[in-house]
file coords02.pdb (PDB, C-alpha atoms, pLDDT in the B column)
ATOM      1  CA  MET M1164      29.560 -20.347  74.318  1.00 48.00           C
ATOM      2  CA  LYS M1165      32.296 -22.654  75.662  1.00 43.00           C
ATOM      3  CA  ARG M1166      34.247 -22.172  72.430  1.00 45.00           C
ATOM      4  CA  ASN M1167      34.157 -18.355  72.831  1.00 42.00           C
ATOM      5  CA  ILE M1168      35.467 -18.602  76.382  1.00 41.00           C
ATOM      6  CA  LEU M1169      38.255 -20.886  75.184  1.00 35.00           C
ATOM      7  CA  TYR M1170      39.225 -18.413  72.432  1.00 38.00           C
ATOM      8  CA  ILE M1171      39.238 -15.517  74.901  1.00 41.00           C
ATOM      9  CA  ALA M1172      41.435 -17.476  77.326  1.00 37.00           C
ATOM     10  CA  LEU M1173      43.859 -18.476  74.555  1.00 35.00           C
ATOM     11  CA  GLY M1174      44.035 -14.890  73.299  1.00 42.00           C
ATOM     12  CA  ALA M1175      44.825 -13.585  76.781  1.00 38.00           C
ATOM     13  CA  LEU M1176      47.520 -16.227  77.192  1.00 34.00           C
ATOM     14  CA  LEU M1177      49.128 -15.288  73.870  1.00 35.00           C
ATOM     15  CA  LEU M1178      49.070 -11.580  74.692  1.00 36.00           C
ATOM     16  CA  THR M1179      50.696 -12.261  78.052  1.00 36.00           C
ATOM     17  CA  ALA M1180      53.376 -14.450  76.471  1.00 37.00           C
ATOM     18  CA  CYS M1181      54.164 -11.782  73.854  1.00 39.00           C
ATOM     19  CA  ASP M1182      54.584  -9.057  76.469  1.00 41.00           C
ATOM     20  CA  SER M1183      58.196  -9.851  77.222  1.00 45.00           C
ATOM     21  CA  SER M1184      60.881  -7.227  76.994  1.00 51.00           C
ATOM     22  CA  PRO M1185      64.581  -7.684  76.309  1.00 62.00           C
ATOM     23  CA  ASN M1186      66.945  -7.796  79.291  1.00 81.00           C
ATOM     24  CA  ASP M1187      68.289  -4.329  78.471  1.00 89.00           C
ATOM     25  CA  THR M1188      64.918  -2.633  79.023  1.00 95.00           C
ATOM     26  CA  LEU M1189      62.679  -2.383  82.059  1.00 96.00           C
ATOM     27  CA  VAL M1190      58.923  -1.761  81.864  1.00 96.00           C
ATOM     28  CA  ILE M1191      57.088  -0.561  84.974  1.00 96.00           C
ATOM     29  CA  SER M1192      53.329   0.013  85.169  1.00 95.00           C
ATOM     30  CA  GLN M1193      51.369   1.755  87.903  1.00 95.00           C
ATOM     31  CA  ASN M1194      47.596   2.117  88.258  1.00 93.00           C
ATOM     32  CA  ALA M1195      46.213   5.648  88.378  1.00 93.00           C
ATOM     33  CA  ASN M1196      42.812   7.320  88.572  1.00 91.00           C
ATOM     34  CA  GLY M1197      42.088  10.634  86.912  1.00 82.00           C
ATOM     35  CA  SER M1198      38.910  11.531  88.787  1.00 81.00           C
ATOM     36  CA  SER M1199      40.469  11.141  92.243  1.00 86.00           C
ATOM     37  CA  GLY M1200      43.821  12.676  91.274  1.00 89.00           C
ATOM     38  CA  GLU M1201      45.797   9.463  91.866  1.00 94.00           C
ATOM     39  CA  TYR M1202      49.015   9.185  89.863  1.00 95.00           C
ATOM     40  CA  TRP M1203      52.687   8.222  90.210  1.00 97.00           C
ATOM     41  CA  GLU M1204      56.037   9.945  89.772  1.00 97.00           C
ATOM     42  CA  TYR M1205      59.534   8.560  90.188  1.00 98.00           C
ATOM     43  CA  GLU M1206      63.040   9.708  91.003  1.00 98.00           C
ATOM     44  CA  CYS M1207      66.263   7.787  90.409  1.00 97.00           C
ATOM     45  CA  SER M1208      69.045   7.673  92.988  1.00 97.00           C
ATOM     46  CA  CYS M1209      71.618   8.506  90.306  1.00 96.00           C
ATOM     47  CA  GLU M1210      71.805   9.387  86.625  1.00 96.00           C
ATOM     48  CA  GLY M1211      73.441   7.450  83.823  1.00 96.00           C
ATOM     49  CA  VAL M1212      72.475   3.864  84.737  1.00 97.00           C
ATOM     50  CA  LEU M1213      68.863   3.732  83.472  1.00 97.00           C
ATOM     51  CA  THR M1214      67.267   6.170  81.032  1.00 97.00           C
ATOM     52  CA  GLU M1215      63.535   6.656  80.509  1.00 97.00           C
ATOM     53  CA  ILE M1216      62.891   5.994  76.822  1.00 97.00           C
ATOM     54  CA  SER M1217      59.087   6.147  76.797  1.00 97.00           C
ATOM     55  CA  TYR M1218      56.052   6.978  78.886  1.00 97.00           C
ATOM     56  CA  GLU M1219      52.455   6.018  78.077  1.00 96.00           C
ATOM     57  CA  GLU M1220      49.065   6.270  79.673  1.00 92.00           C
ATOM     58  CA  THR M1221      46.693   3.516  78.630  1.00 87.00           C
ATOM     59  CA  ARG M1222      43.191   2.351  79.430  1.00 79.00           C
ATOM     60  CA  ASN M1223      41.929  -1.179  79.428  1.00 70.00           C
ATOM     61  CA  PRO M1224      39.284  -1.371  76.654  1.00 68.00           C
ATOM     62  CA  LEU M1225      36.819  -2.830  79.176  1.00 68.00           C
ATOM     63  CA  ASN M1226      37.425  -0.001  81.662  1.00 62.00           C
ATOM     64  CA  LEU M1227      34.728   2.615  81.219  1.00 63.00           C
ATOM     65  CA  GLY M1228      35.720   4.587  84.318  1.00 65.00           C
ATOM     66  CA  PRO M1229      38.466   7.104  85.071  1.00 73.00           C
ATOM     67  CA  GLY M1230      41.134   4.495  85.887  1.00 85.00           C
ATOM     68  CA  TYR M1231      44.179   4.121  83.669  1.00 90.00           C
ATOM     69  CA  SER M1232      47.706   2.722  83.690  1.00 92.00           C
ATOM     70  CA  GLN M1233      50.912   4.735  83.648  1.00 96.00           C
ATOM     71  CA  GLN M1234      53.735   2.832  81.960  1.00 97.00           C
ATOM     72  CA  TRP M1235      57.418   3.750  81.870  1.00 97.00           C
ATOM     73  CA  THR M1236      60.081   2.009  79.798  1.00 97.00           C
ATOM     74  CA  PHE M1237      63.688   2.371  80.874  1.00 98.00           C
ATOM     75  CA  ALA M1238      66.807   1.341  78.937  1.00 97.00           C
ATOM     76  CA  ALA M1239      70.151   0.341  80.368  1.00 97.00           C
ATOM     77  CA  GLU M1240      72.662   3.120  79.762  1.00 96.00           C
ATOM     78  CA  ALA M1241      75.691   1.997  81.766  1.00 97.00           C
ATOM     79  CA  ALA M1242      76.683  -0.676  84.268  1.00 97.00           C
ATOM     80  CA  GLY M1243      75.880   0.199  87.862  1.00 97.00           C
ATOM     81  CA  GLU M1244      73.251   0.219  90.570  1.00 98.00           C
ATOM     82  CA  VAL M1245      70.252   2.534  90.746  1.00 98.00           C
ATOM     83  CA  THR M1246      67.251   2.812  93.028  1.00 98.00           C
ATOM     84  CA  ILE M1247      63.940   4.072  91.667  1.00 98.00           C
ATOM     85  CA  TYR M1248      61.831   5.833  94.308  1.00 98.00           C
ATOM     86  CA  TRP M1249      58.105   5.765  93.483  1.00 98.00           C
ATOM     87  CA  THR M1250      55.865   8.487  94.892  1.00 97.00           C
ATOM     88  CA  ALA M1251      52.092   7.979  94.913  1.00 96.00           C
ATOM     89  CA  TYR M1252      49.894  11.062  94.763  1.00 96.00           C
ATOM     90  CA  GLU M1253      46.227  11.388  95.639  1.00 93.00           C
ATOM     91  CA  SER M1254      43.892  14.340  95.296  1.00 89.00           C
ATOM     92  CA  GLY M1255      46.342  15.769  92.766  1.00 81.00           C
ATOM     93  CA  THR M1256      49.052  16.989  95.165  1.00 89.00           C
ATOM     94  CA  ASP M1257      48.909  14.965  98.413  1.00 94.00           C
ATOM     95  CA  ILE M1258      51.539  12.246  98.809  1.00 96.00           C
ATOM     96  CA  SER M1259      50.129   8.876  99.846  1.00 94.00           C
ATOM     97  CA  GLU M1260      52.982   7.754 102.138  1.00 95.00           C
ATOM     98  CA  ASP M1261      51.637   4.210 102.609  1.00 95.00           C
ATOM     99  CA  LYS M1262      51.807   3.517  98.844  1.00 96.00           C
ATOM    100  CA  CYS M1263      55.287   4.959  98.180  1.00 97.00           C
ATOM    101  CA  TYR M1264      58.112   2.467  97.698  1.00 97.00           C
ATOM    102  CA  SER M1265      61.502   1.945  96.064  1.00 98.00           C
ATOM    103  CA  VAL M1266      63.211  -0.792  94.045  1.00 98.00           C
ATOM    104  CA  THR M1267      66.938  -1.183  93.381  1.00 98.00           C
ATOM    105  CA  TYR M1268      68.206  -2.472  90.042  1.00 98.00           C
ATOM    106  CA  ILE M1269      71.614  -3.693  88.918  1.00 97.00           C
ATOM    107  CA  VAL M1270      72.809  -3.167  85.333  1.00 97.00           C
ATOM    108  CA  ASP M1271      75.696  -5.484  84.471  1.00 96.00           C
ATOM    109  CA  GLU M1272      78.435  -5.024  81.845  1.00 95.00           C
ATOM    110  CA  ASP M1273      76.221  -6.742  79.222  1.00 94.00           C
ATOM    111  CA  MET M1274      73.501  -4.141  79.914  1.00 95.00           C
ATOM    112  CA  HIS M1275      71.197  -6.737  81.528  1.00 96.00           C
ATOM    113  CA  ILE M1276      68.870  -5.274  84.161  1.00 96.00           C
ATOM    114  CA  THR M1277      68.029  -7.283  87.272  1.00 95.00           C
ATOM    115  CA  GLU M1278      66.201  -6.402  90.447  1.00 96.00           C
ATOM    116  CA  LYS M1279      68.402  -6.484  93.531  1.00 93.00           C
TER     117      LYS M1279
END
call {"tool": "encode", "arguments": {"input": "coords02.pdb", "output": "C-alpha coordinates"}}
result
Amino acid sequence: MKRNILYIALGALLLTACDSSPNDTLVISQNANGSSGEYWEYECSCEGVLTEISYEETRNPLNLGPGYSQQWTFAAEAAGEVTIYWTAYESGTDISEDKCYSVTYIVDEDMHITEK
(Lines of atoms letter the chains of each structure in order from A and count residues from 1; the text may use other names and numbers.)
(Lines give C-alpha, C1' and ligand atoms only; values in the text may rest on other atoms or scores of the structure.)
Protein backbone atom coordinates (compact mmCIF):
# COMPACT_ATOMS: atom_id res chain seq x y z
CA MET A 1 0.00 0.00 0.00
CA LYS A 2 2.77 2.46 0.94
CA ARG A 3 4.62 1.55 -2.27
CA ASN A 4 1.53 2.38 -4.39
CA ILE A 5 1.18 5.77 -2.74
CA LEU A 6 4.86 6.45 -3.37
CA TYR A 7 4.49 5.53 -7.07
CA ILE A 8 1.43 7.77 -7.42
CA ALA A 9 3.26 10.69 -5.79
CA LEU A 10 6.33 10.20 -8.00
CA GLY A 11 4.15 9.98 -11.11
CA ALA A 12 2.36 13.22 -10.22
CA LEU A 13 5.69 14.93 -9.62
CA LEU A 14 7.03 13.79 -13.00
CA LEU A 15 3.90 14.93 -14.82
CA THR A 16 4.12 18.33 -13.16
CA ALA A 17 7.81 18.68 -14.03
CA CYS A 18 7.14 17.76 -17.68
CA ASP A 19 4.38 20.35 -18.03
CA SER A 20 6.69 23.22 -18.83
CA SER A 21 6.25 25.30 -21.94
CA PRO A 22 8.86 27.26 -23.86
CA ASN A 23 9.19 30.98 -23.14
CA ASP A 24 7.59 31.86 -26.49
CA THR A 25 4.26 30.22 -25.58
CA LEU A 26 1.77 30.91 -22.82
CA VAL A 27 -0.69 28.32 -21.50
CA ILE A 28 -3.70 29.48 -19.49
CA SER A 29 -6.27 27.15 -17.91
CA GLN A 30 -9.62 28.05 -16.41
CA ASN A 31 -12.09 25.80 -14.58
CA ALA A 32 -15.57 25.50 -16.07
CA ASN A 33 -18.77 23.59 -15.35
CA GLY A 34 -21.09 22.43 -18.10
CA SER A 35 -24.17 21.75 -15.98
CA SER A 36 -24.25 25.22 -14.42
CA GLY A 37 -23.23 27.05 -17.60
CA GLU A 38 -19.92 28.31 -16.18
CA TYR A 39 -17.24 29.03 -18.78
CA TRP A 40 -14.62 31.62 -19.75
CA GLU A 41 -13.94 33.86 -22.73
CA TYR A 42 -11.12 36.32 -23.31
CA GLU A 43 -10.36 39.47 -25.25
CA CYS A 44 -6.93 40.93 -25.96
CA SER A 45 -6.23 44.65 -25.69
CA CYS A 46 -4.51 44.62 -29.09
CA GLU A 47 -3.77 42.25 -31.95
CA GLY A 48 -0.42 41.05 -33.21
CA VAL A 49 1.45 40.48 -29.93
CA LEU A 50 0.02 37.10 -28.85
CA THR A 51 -1.84 34.65 -31.08
CA GLU A 52 -4.07 31.81 -29.89
CA ILE A 53 -2.62 28.63 -31.37
CA SER A 54 -4.81 26.05 -29.63
CA TYR A 55 -7.84 25.61 -27.42
CA GLU A 56 -8.79 22.43 -25.55
CA GLU A 57 -11.40 21.31 -23.10
CA THR A 58 -10.24 18.51 -20.83
CA ARG A 59 -11.56 16.52 -17.91
CA ASN A 60 -9.57 15.10 -15.06
CA PRO A 61 -9.90 11.29 -15.32
CA LEU A 62 -11.03 11.18 -11.68
CA ASN A 63 -13.72 13.82 -12.27
CA LEU A 64 -17.03 12.08 -12.87
CA GLY A 65 -19.07 15.28 -12.73
CA PRO A 66 -19.75 18.09 -15.21
CA GLY A 67 -16.60 20.08 -14.37
CA TYR A 68 -13.86 20.50 -16.95
CA SER A 69 -10.88 22.70 -17.77
CA GLN A 70 -10.63 25.17 -20.63
CA GLN A 71 -7.05 25.58 -21.82
CA TRP A 72 -5.70 28.17 -24.25
CA THR A 73 -2.18 28.22 -25.69
CA PHE A 74 -0.86 31.50 -27.03
CA ALA A 75 2.31 32.08 -29.07
CA ALA A 76 4.39 35.22 -29.20
CA GLU A 77 3.87 36.93 -32.55
CA ALA A 78 5.68 40.25 -32.10
CA ALA A 79 7.36 42.29 -29.39
CA GLY A 80 4.99 44.46 -27.38
CA GLU A 81 2.58 44.61 -24.48
CA VAL A 82 -0.88 43.06 -24.38
CA THR A 83 -3.54 42.69 -21.72
CA ILE A 84 -5.83 39.67 -21.72
CA TYR A 85 -9.25 40.40 -20.22
CA TRP A 86 -10.95 37.26 -18.86
CA THR A 87 -14.74 37.18 -18.64
CA ALA A 88 -16.43 34.54 -16.47
CA TYR A 89 -19.92 33.43 -17.44
CA GLU A 90 -22.48 31.61 -15.33
CA SER A 91 -25.88 30.24 -16.26
CA GLY A 92 -24.73 30.32 -19.89
CA THR A 93 -25.02 34.08 -20.53
CA ASP A 94 -24.71 35.98 -17.22
CA ILE A 95 -21.34 37.63 -16.55
CA SER A 96 -19.92 36.88 -13.11
CA GLU A 97 -18.32 40.28 -12.40
CA ASP A 98 -16.54 39.14 -9.23
CA LYS A 99 -14.59 36.46 -11.14
CA CYS A 100 -13.54 38.58 -14.15
CA TYR A 101 -9.93 39.76 -14.24
CA SER A 102 -7.10 40.82 -16.54
CA VAL A 103 -3.38 40.10 -16.86
CA THR A 104 -0.81 42.10 -18.83
CA TYR A 105 2.04 40.37 -20.64
CA ILE A 106 5.23 41.69 -22.21
CA VAL A 107 6.76 40.02 -25.29
CA ASP A 108 10.40 41.01 -25.75
CA GLU A 109 12.48 41.06 -28.95
CA ASP A 110 13.49 37.41 -28.37
CA MET A 111 9.79 36.46 -28.27
CA HIS A 112 9.92 35.64 -24.54
CA ILE A 113 6.61 36.17 -22.74
CA THR A 114 6.58 37.51 -19.19
CA GLU A 115 3.78 38.68 -16.94
CA LYS A 116 3.96 42.37 -16.10
call {"tool": "closest_residue", "arguments": {"input": "coords02.pdb", "among": "M:Ser1192, M:Glu1220, M:Gly1197, M:Thr1236", "to": "Tyr1252 in chain M", "atoms": "all atoms listed in the file"}}
result
M:Gly1197
call {"tool": "closest_residue", "arguments": {"input": "coords02.pdb", "among": "M:Tyr1248, M:Tyr1205, M:Tyr1264, M:Trp1235", "to": "Glu1219 in chain M", "atoms": "only C-alpha atoms"}}
result
M:Trp1235
call {"tool": "residues_around", "arguments": {"input": "coords02.pdb", "residues": "Tyr1202 in chain M", "least_positions_apart": "6", "cutoff": "7 Å", "atoms": "all atoms listed in the file", "output": "list of chain:residue names"}}
result
M:Ala1195, M:Asn1196, M:Ala1251, M:Tyr1252, M:Glu1253
call {"tool": "closest_residue", "arguments": {"input": "coords02.pdb", "among": "M:Asp1273, M:Asp1261, M:Glu1206, M:Glu1278", "to": "Glu1240 in chain M", "atoms": "only C-alpha atoms"}}
result
M:Asp1273
call {"tool": "resolve_selection", "arguments": {"input": "coords02.pdb", "expression": "the PyMOL selection byres ((chain M and resi 1270) around 8)", "output": "list in words"}}
result
Val1212, Ala1239, Ala1241, Ala1242, Gly1243, Glu1244, Tyr1268, Ile1269, Asp1271, Glu1272, Asp1273, Met1274, His1275, Ile1276 and Thr1277 of chain M
call {"tool": "write_last_selection", "arguments": {"input": "coords02.pdb", "atoms": "C-alpha atoms", "output": "mmCIF file, in the frame of the given file"}}
result
data_model
loop_
_atom_site.group_PDB
_atom_site.id
_atom_site.type_symbol
_atom_site.label_atom_id
_atom_site.label_comp_id
_atom_site.auth_asym_id
_atom_site.auth_seq_id
_atom_site.Cartn_x
_atom_site.Cartn_y
_atom_site.Cartn_z
ATOM 1 C CA VAL M 1212 72.475 3.864 84.737
ATOM 2 C CA ALA M 1239 70.151 0.341 80.368
ATOM 3 C CA ALA M 1241 75.691 1.997 81.766
ATOM 4 C CA ALA M 1242 76.683 -0.676 84.268
ATOM 5 C CA GLY M 1243 75.880 0.199 87.862
ATOM 6 C CA GLU M 1244 73.251 0.219 90.570
ATOM 7 C CA TYR M 1268 68.206 -2.472 90.042
ATOM 8 C CA ILE M 1269 71.614 -3.693 88.918
ATOM 9 C CA ASP M 1271 75.696 -5.484 84.471
ATOM 10 C CA GLU M 1272 78.435 -5.024 81.845
ATOM 11 C CA ASP M 1273 76.221 -6.742 79.222
ATOM 12 C CA MET M 1274 73.501 -4.141 79.914
ATOM 13 C CA HIS M 1275 71.197 -6.737 81.528
ATOM 14 C CA ILE M 1276 68.870 -5.274 84.161
ATOM 15 C CA THR M 1277 68.029 -7.283 87.272
#
call {"tool": "closest_residue", "arguments": {"input": "coords02.pdb", "among": "M:Lys1262, M:Ile1216, M:Thr1221, M:Ser1254", "to": "Val1190 in chain M", "atoms": "only C-alpha atoms"}}
result
M:Ile1216
call {"tool": "closest_residue", "arguments": {"input": "coords02.pdb", "among": "M:Ser1217, M:Asn1186, M:Ser1199, M:Ser1265", "to": "Gln1234 in chain M", "atoms": "only C-alpha atoms"}}
result
M:Ser1217
call {"tool": "atom_distance", "arguments": {"input": "coords02.pdb", "atom1": "CA of Thr1214 in chain M", "atom2": "CA of Phe1237 in chain M"}}
result
5.2 Å
call {"tool": "atom_distance", "arguments": {"input": "coords02.pdb", "atom1": "CA of Glu1260 in chain M", "atom2": "CA of Ala1238 in chain M"}}
result
27.8 Å
call {"tool": "atom_distance", "arguments": {"input": "coords02.pdb", "atom1": "CA of Val1245 in chain M", "atom2": "CA of Glu1210 in chain M"}}
result
8.1 Å
